[in-house]
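S.K.: start_14.txt is reproduced below (compact mmCIF, C-alpha atoms (C1' of nucleotides)).
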# COMPACT_ATOMS: atom_id res chain seq x y z
CA MET A 89 -4.72 -39.49 -0.27
CA HIS A 90 -1.37 -37.88 -0.78
CA PRO A 91 1.73 -39.86 0.08
CA PHE A 92 3.19 -36.90 1.95
CA ALA A 93 0.30 -36.34 4.32
CA THR A 94 2.54 -37.28 7.19
CA VAL A 95 0.57 -35.51 9.87
CA GLY A 96 -2.64 -37.15 8.81
CA ASP A 97 -4.24 -34.15 7.17
CA VAL A 98 -4.56 -33.20 3.55
CA PRO A 99 -2.79 -30.03 2.38
CA LYS A 100 -5.13 -27.09 2.56
CA ASP A 101 -6.58 -25.58 -0.58
CA LEU A 102 -5.16 -22.11 -1.32
CA SER A 103 -8.63 -20.58 -1.33
CA GLU A 104 -9.20 -21.81 2.20
CA ARG A 105 -6.27 -19.77 3.43
CA PRO A 106 -7.08 -16.27 4.68
CA SER A 107 -3.53 -15.19 3.88
CA PHE A 108 -3.93 -16.18 0.23
CA LEU A 109 -7.35 -14.56 -0.11
CA ILE A 110 -6.07 -11.35 1.43
CA GLY A 111 -3.05 -11.53 -0.86
CA GLN A 112 -5.26 -11.92 -3.93
CA LEU A 113 -7.64 -9.16 -2.89
CA GLY A 114 -4.81 -6.85 -1.83
CA TYR A 115 -3.08 -7.12 -5.16
CA LEU A 116 -6.36 -6.45 -6.92
CA MET A 117 -6.96 -3.37 -4.77
CA GLY A 118 -3.71 -1.78 -5.86
CA LYS A 119 -4.27 -2.54 -9.49
CA ARG A 120 -7.89 -1.47 -9.58
CA PHE A 121 -7.40 1.73 -7.65
CA SER A 122 -4.61 2.61 -10.02
CA GLU A 123 -6.96 2.10 -12.97
CA LEU A 124 -9.78 4.05 -11.35
CA LEU A 125 -7.46 6.99 -10.76
CA ARG A 126 -6.08 7.03 -14.29
CA PRO A 127 -8.70 9.49 -15.63
CA LEU A 128 -7.38 11.97 -13.08
CA GLY A 129 -3.84 11.46 -14.32
CA ILE A 130 -2.53 10.35 -10.94
CA GLN A 131 -1.52 7.12 -9.21
CA PRO A 132 -2.18 5.86 -5.67
CA PRO A 133 1.02 7.35 -4.20
CA HIS A 134 0.05 10.75 -5.61
CA PHE A 135 -3.32 10.41 -3.93
CA GLY A 136 -1.58 9.68 -0.64
CA LEU A 137 0.67 12.68 -1.08
CA LEU A 138 -2.23 15.01 -1.87
CA SER A 139 -4.09 13.71 1.19
CA TYR A 140 -1.14 14.21 3.53
CA LEU A 141 -0.52 17.64 2.12
CA ALA A 142 -4.17 18.62 2.57
CA ASP A 143 -3.85 17.70 6.24
CA GLU A 144 -1.26 20.43 6.61
CA GLU A 145 0.07 22.63 3.86
CA GLY A 146 3.53 24.15 3.91
CA GLN A 147 5.23 20.86 4.79
CA THR A 148 8.66 20.10 3.36
CA GLN A 149 9.33 17.17 1.07
CA GLN A 150 11.25 15.46 3.84
CA GLN A 151 8.37 15.81 6.28
CA LEU A 152 5.96 14.32 3.79
CA ALA A 153 8.43 11.57 2.99
CA ASP A 154 8.68 10.68 6.67
CA ARG A 155 4.92 10.59 7.11
CA MET A 156 4.36 8.45 4.06
CA SER A 157 7.45 6.38 4.84
CA VAL A 158 8.87 6.84 1.38
CA HIS A 159 12.47 7.60 0.55
CA ARG A 160 13.10 11.29 -0.09
CA ASN A 161 14.44 10.40 -3.55
CA VAL A 162 11.04 8.99 -4.43
CA MET A 163 9.32 12.06 -3.03
CA VAL A 164 11.18 14.22 -5.55
CA GLY A 165 9.59 12.31 -8.39
CA LEU A 166 6.11 12.39 -6.88
CA VAL A 167 6.28 16.15 -6.35
CA ASP A 168 7.73 16.63 -9.83
CA ASP A 169 4.74 14.77 -11.27
CA LEU A 170 2.17 16.73 -9.30
CA GLN A 171 3.86 20.05 -9.96
CA GLY A 172 4.01 19.21 -13.65
CA MET A 173 0.25 18.71 -13.59
CA GLY A 174 -0.23 21.93 -11.68
CA LEU A 175 -1.63 20.23 -8.59
CA VAL A 176 1.02 21.33 -6.08
CA GLU A 177 3.46 24.23 -5.80
CA ARG A 178 6.98 24.36 -4.43
CA ARG A 179 7.46 27.64 -2.58
CA ARG A 180 10.45 28.95 -0.66
CA HIS A 181 10.51 27.74 2.91
CA PRO A 182 10.32 30.71 5.27
CA GLU A 183 12.88 29.35 7.74
CA ASP A 184 15.10 26.90 5.87
CA ARG A 185 16.46 27.89 2.51
CA ARG A 186 17.40 24.29 1.70
CA ALA A 187 13.82 23.14 1.89
CA HIS A 188 10.68 23.67 -0.16
CA ALA A 189 7.33 24.45 1.38
CA LEU A 190 4.64 22.56 -0.53
CA TYR A 191 1.15 23.84 -1.21
CA LEU A 192 -1.90 22.55 -3.03
CA THR A 193 -3.22 24.52 -5.96
CA ASP A 194 -6.96 24.99 -6.50
CA GLU A 195 -6.73 22.34 -9.18
CA GLY A 196 -4.93 20.06 -6.71
CA ARG A 197 -7.76 20.48 -4.21
CA SER A 198 -10.30 19.71 -6.90
CA VAL A 199 -8.47 16.58 -7.98
CA LEU A 200 -8.24 15.43 -4.37
CA VAL A 201 -12.00 15.78 -3.93
CA ARG A 202 -12.59 13.70 -7.03
CA ALA A 203 -10.00 11.14 -5.96
CA ASN A 204 -11.75 10.74 -2.62
CA GLY A 205 -14.97 10.05 -4.48
CA ILE A 206 -13.21 7.42 -6.57
CA ALA A 207 -11.82 5.83 -3.42
CA ASP A 208 -15.37 5.64 -2.07
CA GLU A 209 -16.50 3.82 -5.21
CA HIS A 210 -13.49 1.57 -4.91
CA ASP A 211 -14.47 0.61 -1.35
CA THR A 212 -18.01 -0.08 -2.45
CA MET A 213 -16.82 -2.37 -5.24
CA LEU A 214 -14.80 -4.31 -2.70
CA VAL A 215 -17.37 -4.84 0.05
CA GLY A 216 -20.64 -4.16 -1.78
CA ALA A 217 -21.58 -7.84 -1.68
CA LEU A 218 -21.90 -7.66 2.12
CA ASP A 219 -24.78 -5.99 3.89
CA SER A 220 -24.09 -2.82 5.79
CA GLU A 221 -23.79 -4.46 9.18
CA ASP A 222 -21.32 -7.07 7.97
CA GLN A 223 -19.29 -4.35 6.26
CA GLY A 224 -18.91 -2.68 9.62
CA GLN A 225 -17.83 -5.87 11.33
CA LEU A 226 -15.36 -6.64 8.55
CA LEU A 227 -13.85 -3.17 8.80
CA GLU A 228 -13.32 -3.60 12.53
CA TRP A 229 -11.61 -6.92 12.04
CA LEU A 230 -9.37 -5.59 9.29
CA GLN A 231 -8.32 -2.70 11.52
CA LEU A 232 -7.60 -5.15 14.31
CA LEU A 233 -5.56 -7.42 12.06
CA ALA A 234 -3.63 -4.51 10.57
CA GLU A 235 -2.63 -3.54 14.08
CA SER A 236 -1.90 -7.05 15.35
CA ASN A 237 0.28 -7.61 12.30
CA GLY A 238 2.36 -4.56 13.00
CA LEU A 239 1.16 -2.30 10.20
CA ALA A 240 1.45 1.43 10.74
CA PRO A 241 -1.86 3.26 10.19
CA LYS A 242 -2.18 5.11 6.90
CA VAL A 243 1.18 3.86 5.61
CA HIS A 244 1.27 1.49 2.69
CA PRO A 245 4.09 -0.99 3.27
CA ALA A 246 4.91 -1.11 -0.44
CA LEU A 247 6.31 2.39 -0.11
CA GLN A 248 8.38 1.91 2.99
CA ASP A 249 10.55 -1.01 2.00
CA ALA A 250 13.44 1.14 0.89
CA GLY A 251 15.94 2.19 3.51
CA LYS A 252 14.88 5.75 4.12
CA SER A 253 17.24 7.90 6.05
CA GLN A 254 20.61 6.18 6.22
CA THR A 255 23.32 8.05 4.35
CA PRO A 256 26.43 5.93 4.89
CA MET B 82 -13.10 21.69 8.25
CA HIS B 83 -11.45 21.34 4.90
CA PRO B 84 -12.17 23.89 2.23
CA PHE B 85 -12.75 21.15 -0.36
CA ALA B 86 -15.43 19.25 1.55
CA THR B 87 -17.93 20.17 -1.13
CA VAL B 88 -20.35 17.35 -0.46
CA GLY B 89 -20.55 18.19 3.20
CA ASP B 90 -18.43 15.30 4.48
CA VAL B 91 -14.82 15.16 5.54
CA PRO B 92 -12.43 13.03 3.47
CA LYS B 93 -12.23 9.56 4.93
CA ASP B 94 -9.11 8.46 6.77
CA LEU B 95 -7.15 5.83 4.83
CA SER B 96 -7.38 3.39 7.72
CA GLU B 97 -11.16 3.57 7.60
CA ARG B 98 -11.14 2.25 4.06
CA PRO B 99 -11.45 -1.52 3.68
CA SER B 100 -9.68 -1.30 0.32
CA PHE B 101 -6.65 0.34 1.90
CA LEU B 102 -6.53 -2.09 4.82
CA ILE B 103 -6.78 -5.06 2.48
CA GLY B 104 -4.10 -3.49 0.32
CA GLN B 105 -1.77 -3.07 3.29
CA LEU B 106 -2.41 -6.57 4.60
CA GLY B 107 -2.19 -8.13 1.15
CA TYR B 108 1.20 -6.61 0.48
CA LEU B 109 2.40 -7.78 3.87
CA MET B 110 1.16 -11.31 3.15
CA GLY B 111 3.29 -11.59 0.06
CA LYS B 112 6.36 -10.21 1.73
CA ARG B 113 6.04 -12.23 4.90
CA PHE B 114 5.27 -15.51 3.19
CA SER B 115 8.30 -14.96 1.02
CA GLU B 116 10.45 -14.49 4.12
CA LEU B 117 8.96 -17.47 5.89
CA LEU B 118 9.72 -19.69 2.90
CA ARG B 119 13.30 -18.48 2.56
CA PRO B 120 14.77 -21.22 4.80
CA LEU B 121 13.37 -23.74 2.33
CA GLY B 122 15.07 -21.95 -0.55
CA ILE B 123 11.83 -21.32 -2.42
CA GLN B 124 9.46 -18.44 -3.09
CA PRO B 125 5.65 -18.28 -3.14
CA PRO B 126 5.33 -19.08 -6.86
CA HIS B 127 7.46 -22.20 -6.33
CA PHE B 128 5.13 -23.22 -3.54
CA GLY B 129 2.18 -22.82 -5.89
CA LEU B 130 3.90 -24.87 -8.55
CA LEU B 131 4.76 -27.68 -6.15
CA SER B 132 1.16 -27.70 -4.91
CA TYR B 133 -0.32 -27.88 -8.41
CA LEU B 134 2.13 -30.57 -9.38
CA ALA B 135 1.30 -32.63 -6.30
CA ASP B 136 -2.35 -32.54 -7.36
CA GLU B 137 -1.40 -34.45 -10.48
CA GLU B 138 2.09 -35.45 -11.48
CA GLY B 139 3.14 -35.90 -15.08
CA GLN B 140 1.68 -32.55 -16.18
CA THR B 141 3.46 -30.53 -18.84
CA GLN B 142 4.87 -27.08 -18.22
CA GLN B 143 2.15 -25.58 -20.38
CA GLN B 144 -0.59 -27.32 -18.39
CA LEU B 145 0.84 -26.03 -15.15
CA ALA B 146 1.27 -22.57 -16.66
CA ASP B 147 -2.39 -22.53 -17.68
CA ARG B 148 -3.56 -23.63 -14.24
CA MET B 149 -1.44 -21.08 -12.42
CA SER B 150 -2.16 -18.46 -15.08
CA VAL B 151 1.50 -17.67 -15.60
CA HIS B 152 3.18 -17.16 -18.92
CA ARG B 153 4.98 -20.24 -20.17
CA ASN B 154 8.22 -18.25 -20.30
CA VAL B 155 7.97 -17.69 -16.57
CA MET B 156 7.22 -21.35 -16.00
CA VAL B 157 10.56 -22.26 -17.56
CA GLY B 158 12.37 -20.27 -14.89
CA LEU B 159 10.31 -21.69 -12.04
CA VAL B 160 10.93 -25.25 -13.19
CA ASP B 161 14.63 -24.48 -13.73
CA ASP B 162 14.84 -23.28 -10.13
CA LEU B 163 13.08 -26.28 -8.67
CA GLN B 164 15.00 -28.73 -10.83
CA GLY B 165 18.24 -27.06 -9.81
CA MET B 166 17.32 -27.68 -6.19
CA GLY B 167 16.38 -31.25 -6.95
CA LEU B 168 12.71 -30.79 -6.08
CA VAL B 169 11.20 -31.64 -9.48
CA GLU B 170 12.26 -33.72 -12.46
CA ARG B 171 11.69 -33.14 -16.16
CA ARG B 172 11.02 -36.49 -17.81
CA ARG B 173 10.20 -37.29 -21.42
CA HIS B 174 6.52 -37.00 -22.14
CA PRO B 175 5.14 -40.39 -23.24
CA GLU B 176 2.95 -38.98 -26.01
CA ASP B 177 4.40 -35.65 -27.09
CA ARG B 178 8.11 -35.37 -27.66
CA ARG B 179 7.98 -31.59 -27.55
CA ALA B 180 6.74 -31.58 -23.99
CA HIS B 181 8.20 -32.47 -20.62
CA ALA B 182 6.35 -34.49 -18.05
CA LEU B 183 7.05 -33.06 -14.62
CA TYR B 184 7.40 -35.06 -11.42
CA LEU B 185 8.14 -34.31 -7.80
CA THR B 186 11.21 -35.85 -6.23
CA ASP B 187 11.12 -37.23 -2.69
CA GLU B 188 12.90 -34.07 -1.61
CA GLY B 189 10.27 -32.03 -3.43
CA ARG B 190 7.50 -33.80 -1.56
CA SER B 191 9.30 -33.20 1.71
CA VAL B 192 9.74 -29.51 0.98
CA LEU B 193 6.06 -29.22 0.07
CA VAL B 194 5.03 -30.73 3.39
CA ARG B 195 7.20 -28.24 5.22
CA ALA B 196 5.95 -25.36 3.08
CA ASN B 197 2.36 -26.27 3.91
CA GLY B 198 3.28 -26.14 7.59
CA ILE B 199 4.78 -22.71 7.08
CA ALA B 200 1.65 -21.56 5.28
CA ASP B 201 -0.37 -22.73 8.30
CA GLU B 202 1.82 -20.62 10.60
CA HIS B 203 1.46 -17.75 8.19
CA ASP B 204 -2.33 -17.96 8.37
CA THR B 205 -2.20 -18.09 12.14
CA MET B 206 -0.03 -14.98 12.29
CA LEU B 207 -2.60 -13.18 10.16
CA VAL B 208 -5.82 -14.08 11.95
CA GLY B 209 -4.54 -15.23 15.34
CA ALA B 210 -5.90 -12.12 17.03
CA LEU B 211 -9.46 -13.25 16.27
CA ASP B 212 -11.19 -16.06 18.12
CA SER B 213 -11.89 -19.24 16.24
CA GLU B 214 -15.51 -18.42 15.42
CA ASP B 215 -14.66 -14.99 14.03
CA GLN B 216 -11.86 -16.52 11.97
CA GLY B 217 -14.45 -18.74 10.34
CA GLN B 218 -16.75 -15.85 9.58
CA LEU B 219 -13.90 -13.78 8.19
CA LEU B 220 -12.82 -16.62 5.92
CA GLU B 221 -16.34 -16.92 4.52
CA TRP B 222 -16.50 -13.22 3.81
CA LEU B 223 -13.10 -13.18 2.15
CA GLN B 224 -14.14 -16.05 -0.09
CA LEU B 225 -17.32 -14.21 -0.95
CA LEU B 226 -15.48 -10.99 -1.74
CA ALA B 227 -12.85 -12.78 -3.81
CA GLU B 228 -15.66 -14.19 -5.92
CA SER B 229 -17.72 -11.01 -6.13
CA ASN B 230 -14.61 -9.15 -7.22
CA GLY B 231 -13.96 -11.54 -10.05
CA LEU B 232 -10.93 -13.36 -8.69
CA ALA B 233 -10.28 -16.88 -9.95
CA PRO B 234 -9.89 -19.41 -7.13
CA LYS B 235 -6.33 -20.48 -6.35
CA VAL B 236 -4.84 -18.05 -8.88
CA HIS B 237 -2.78 -15.15 -7.64
CA PRO B 238 -3.50 -12.15 -9.87
CA ALA B 239 0.10 -10.95 -9.63
CA LEU B 240 1.07 -13.88 -11.81
CA GLN B 241 -1.60 -13.56 -14.46
CA ASP B 242 -1.14 -10.00 -15.58
CA ALA B 243 1.09 -10.90 -18.48
CA GLY B 244 -0.57 -11.81 -21.74
CA LYS B 245 -0.28 -15.56 -21.67
CA SER B 246 -1.02 -17.42 -24.84
CA GLN B 247 -1.08 -14.94 -27.67
CA THR B 248 1.71 -15.52 -30.17
CA PRO B 249 1.24 -12.71 -32.72
C1' DT C 237 29.40 17.53 10.25
C1' DA C 238 24.52 16.82 9.14
C1' DT C 239 20.46 17.65 6.32
C1' DT C 240 17.38 18.99 2.06
C1' DG C 241 16.68 18.29 -2.33
C1' DT C 242 18.45 16.42 -6.61
C1' DT C 243 20.58 13.50 -10.08
C1' DA C 244 22.83 9.41 -11.83
C1' DT C 245 23.70 4.55 -11.71
C1' DA C 246 22.71 -0.14 -11.04
C1' DC C 247 19.79 -3.83 -10.25
C1' DT C 248 15.67 -6.52 -10.34
C1' DC C 249 11.38 -7.90 -12.54
C1' DT C 250 8.73 -8.50 -16.09
C1' DA C 251 6.90 -8.02 -20.81
C1' DT C 252 7.71 -9.08 -25.64
C1' DA C 253 9.63 -11.19 -29.26
C1' DA C 254 12.09 -14.69 -31.60
C1' DC C 255 13.95 -19.25 -32.13
C1' DT C 256 13.93 -24.88 -32.16
C1' DA C 257 11.86 -29.01 -32.33
C1' DT C 258 8.19 -31.24 -32.80
C1' DA C 259 3.05 -31.90 -33.91
C1' DT D 10 0.20 -23.97 -39.56
C1' DA D 11 0.21 -24.36 -34.64
C1' DT D 12 2.22 -25.68 -30.18
C1' DA D 13 5.94 -26.81 -26.15
C1' DG D 14 9.81 -25.23 -24.50
C1' DT D 15 13.62 -22.07 -24.51
C1' DT D 16 16.41 -17.91 -24.93
C1' DA D 17 17.34 -13.04 -25.65
C1' DT D 18 16.08 -8.22 -25.47
C1' DA D 19 13.99 -4.27 -23.77
C1' DG D 20 11.34 -1.73 -20.66
C1' DA D 21 9.46 -0.34 -16.03
C1' DG D 22 10.18 0.13 -11.50
C1' DT D 23 13.20 0.50 -7.52
C1' DA D 24 17.39 0.62 -4.67
C1' DT D 25 21.89 2.76 -3.82
C1' DA D 26 25.13 6.13 -4.14
C1' DA D 27 26.87 10.60 -4.93
C1' DC D 28 26.33 15.61 -5.38
C1' DA D 29 25.39 20.87 -4.36
C1' DA D 30 23.42 24.06 -1.30
C1' DT D 31 22.51 25.21 3.20
C1' DA D 32 22.18 24.42 8.18
Starting from the file, lay out its structure as structure tokens.

M.R.:
Amino acid sequence: MHPFATVGDVPKDLSERPSFLIGQLGYLMGKRFSELLRPLGIQPPHFGLLSYLADEEGQTQQQLADRMSVHRNVMVGLVDDLQGMGLVERRRHPEDRRAHALYLTDEGRSVLVRANGIADEHDTMLVGALDSEDQGQLLEWLQLLAESNGLAPKVHPALQDAGKSQTP
Amino acid sequence: MHPFATVGDVPKDLSERPSFLIGQLGYLMGKRFSELLRPLGIQPPHFGLLSYLADEEGQTQQQLADRMSVHRNVMVGLVDDLQGMGLVERRRHPEDRRAHALYLTDEGRSVLVRANGIADEHDTMLVGALDSEDQGQLLEWLQLLAESNGLAPKVHPALQDAGKSQTP
DNA sequence: TATTGTTATACTCTATAACTATA
DNA sequence: TATAGTTATAGAGTATAACAATA
């Protein structure tokens, strides 16, 4: 018995803590998805950008930055990358000459389809050890916990830490 | 319907992917635990170190580094921090004069007790929206998935990415 | 004056190597 | 020769600020 067990209970093992298990698994998810995407030449934030852009083409960088909750400075780099690979195009915005209107190329659409397939594999790797019914129950609980813990849907918190819009 | 839905199905929403939800929640766990620990002046890796040291005092830095799967260079900094706060002591090792034998101070034990309490709160924040029975089921599933995805128990993968022992 | 996109700078973290003292 | 601990260096990633063009 530990001398510091003042409340009468033994300190809990890390692997009995849901927060630790989720932390372990969450870190692994980012790393593994990144590796799975490597053959496509993109990273998870690029995948998010392509997905958001597919939802509605012609958006400006600022609009996409707001939706993904990334700083607009970061968006420049993401778009540079994707444009360099020929996956997106910057066109002139029809109403605002300061802004760019972004569009997917055919290659960009193709890469997005493949990336979605990789994400499916990725999900299967994660929850494949559970039967189909349990997978469904787990998904519901995760959605519930994401909401009860204040997470915005479809926004990865790693991208939104930076102060976004304040220009002092 | 999207023009790239070649396989006949619409791309899945990010918040319907267990991998994305776990990724969101996992990132939040690290950030929030870090904030919760701030009043104690320590960070999550320090908490891990204190826990491992409480399991068995007198361990060397290398032993602790192996168990936590951190590089020994990183361990130096963690021990420096904790020693600077008066939470651990470096004593002479009785059998190997190269090594230090590490011990908790009374203050270190006290901080560990409080940190365990904070970790309990942290867990409750995460799963509090589920009833007690569901919390139990979720914990089982998370333990199963951690194992089926190759995670070592009680080792946070963020700390073990660095090559550890190779001295070329 | 505020906003879009861009660039440059600084800061943090971490990875790698190299050094010492012992074994 | 190998190992425990330490220190220094360099690189990646990220935050902050500043800028030009346009609204």

S.K.: So that I can check the surroundings of Gln144 (chain B), please list as a list in words every protein, DNA and RNA residue that reaches within 12 Å of it, counting only C-alpha atoms (C1' of nucleotides) and ignoring chain neighbours fewer than 3 positions away.

M.R.: Leu130, Tyr133, Leu134, Glu137, Glu138, Gly139, Gln140, Thr141, Asp147, Arg148, Met149, Ser150, Val151, His152, Arg153, Met156, Ala180, His181, Ala182, Leu183 and Ser246 of chain B; DA13 of chain D

S.K.: Can you tell me which residues surround DA29 (chain D) at a distance of at most 12 Å, considering only C-alpha atoms (C1' of nucleotides), apart from same-chain residues fewer than 3 positions away, and format the answer as a count of residues only?

M.R.: 5

S.K.: Take every atom of region 146-157 of chain B listed in the file, pad by 5 Å on each side, and give me the axis-aligned box centre and edge lengths in Å, one decimal, as lines of an AutoDock Vina configuration file.

M.R.:
center_x = 3.5
center_y = -20.4
center_z = -16.4
size_x = 24.1
size_y = 16.5
size_z = 17.9

S.K.: Do you know which residues are at most 12 Å from region 209-226 of chain A counting all atoms listed in the file, after dropping those on the same chain fewer than 6 positions away, and could you put them as a PyMOL selection string?

M.R.: (chain A and resi 110+113-114+116-125+202-203+232-233) or (chain B and resi 93+95-104+211+215-216+218-232)

S.K.: My list of candidates is B:Gln164, B:Gln241, B:Thr186, B:Ser191. Which is closest to chain C when distances are computed with only C-alpha atoms (C1' of nucleotides)?

M.R.: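 Closest to chain C of all the choices is B:Gln241.
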
S.K.: Please compute the CA of Leu159 (chain B)-C1' of DC249 (chain C) distance, one decimal, in Å.

M.R.: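 C1' of DC249 (chain C) lies 13.8 Å from CA of Leu159 (chain B).
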
S.K.: Closest to chain C among A:Gly196, A:Gly205, A:Gly165, A:Pro182, using only C-alpha atoms (C1' of nucleotides)?

M.R.: A:Gly165

S.K.: Output as a short mmCIF file (atom, residue, chain, number, x, y, z; two decimals) with C-alpha atoms (C1' of nucleotides), keeping the file's coordinate frame the set of chain D residues within 9 Å of chain A, with distances taken over all atoms listed in the file.

M.R.:
data_model
loop_
_atom_site.label_atom_id
_atom_site.label_comp_id
_atom_site.auth_asym_id
_atom_site.auth_seq_id
_atom_site.Cartn_x
_atom_site.Cartn_y
_atom_site.Cartn_z
"C1'" DT D 23 13.20 0.50 -7.52
"C1'" DA D 24 17.39 0.62 -4.67
"C1'" DA D 26 25.13 6.13 -4.14
"C1'" DA D 30 23.42 24.06 -1.30
"C1'" DT D 31 22.51 25.21 3.20
"C1'" DA D 32 22.18 24.42 8.18
#

S.K.: Within 12 Å of (1.1, 21.7, -9.2), in the coordinates the file gives, what residues turn up when you count all atoms listed in the file, written out as a list of chain:residue names?

M.R.: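 Protein and nucleic acid residues near the point are A:His134, A:Leu138, A:Leu166, A:Val167, A:Asp168, A:Asp169, A:Leu170, A:Gln171, A:Gly172, A:Met173, A:Gly174, A:Leu175, A:Val176, A:Glu177, A:Arg178, A:Arg179, A:Leu190, A:Tyr191, A:Leu192, A:Thr193, A:Asp194, A:Glu195, A:Gly196, A:Arg197, A:Ser198, A:Val199.
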
S.K.: Could you write out as a count of residues only the residues of chain C within 12 Å of chain B, counting all atoms listed in the file?

M.R.: 10

S.K.: For the atom pair CA of His237 (chain B) and CA of Gln112 (chain A), what is the interatomic distance in Å to one decimal place?

M.R.: 5.5 Å

S.K.: Taking all atoms listed in the file into account, which of B:Ala146, B:Val157, B:Tyr108, B:Gly122 comes nearest chain A?

M.R.: B:Tyr108

S.K.: Grab the C1' of DA244 (chain C) to CA of Leu247 (chain A) distance for me, in Å with one decimal place.

M.R.: 21.4 Å

S.K.: Between B:Gln124, B:Ser132, B:Asn154, B:Gln143, which is the closest to chain A once you count only C-alpha atoms?

M.R.: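 Once distances to chain A are computed over only C-alpha atoms, the minimum belongs to B:Ser132.
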
S.K.: Pick from A:Ile206, A:Leu152, A:Val98, A:Val201: nearest to chain B, with only C-alpha atoms counted?

M.R.: A:Val201

S.K.: Could you check the closest approach to chain A for each of B:His174, B:Asn197, B:Pro126, B:Pro120 and tell me which residue wins, using all atoms listed in the file?

M.R.: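 Nearest candidate to chain A out of B:His174, B:Asn197, B:Pro126, B:Pro120: B:Asn197.
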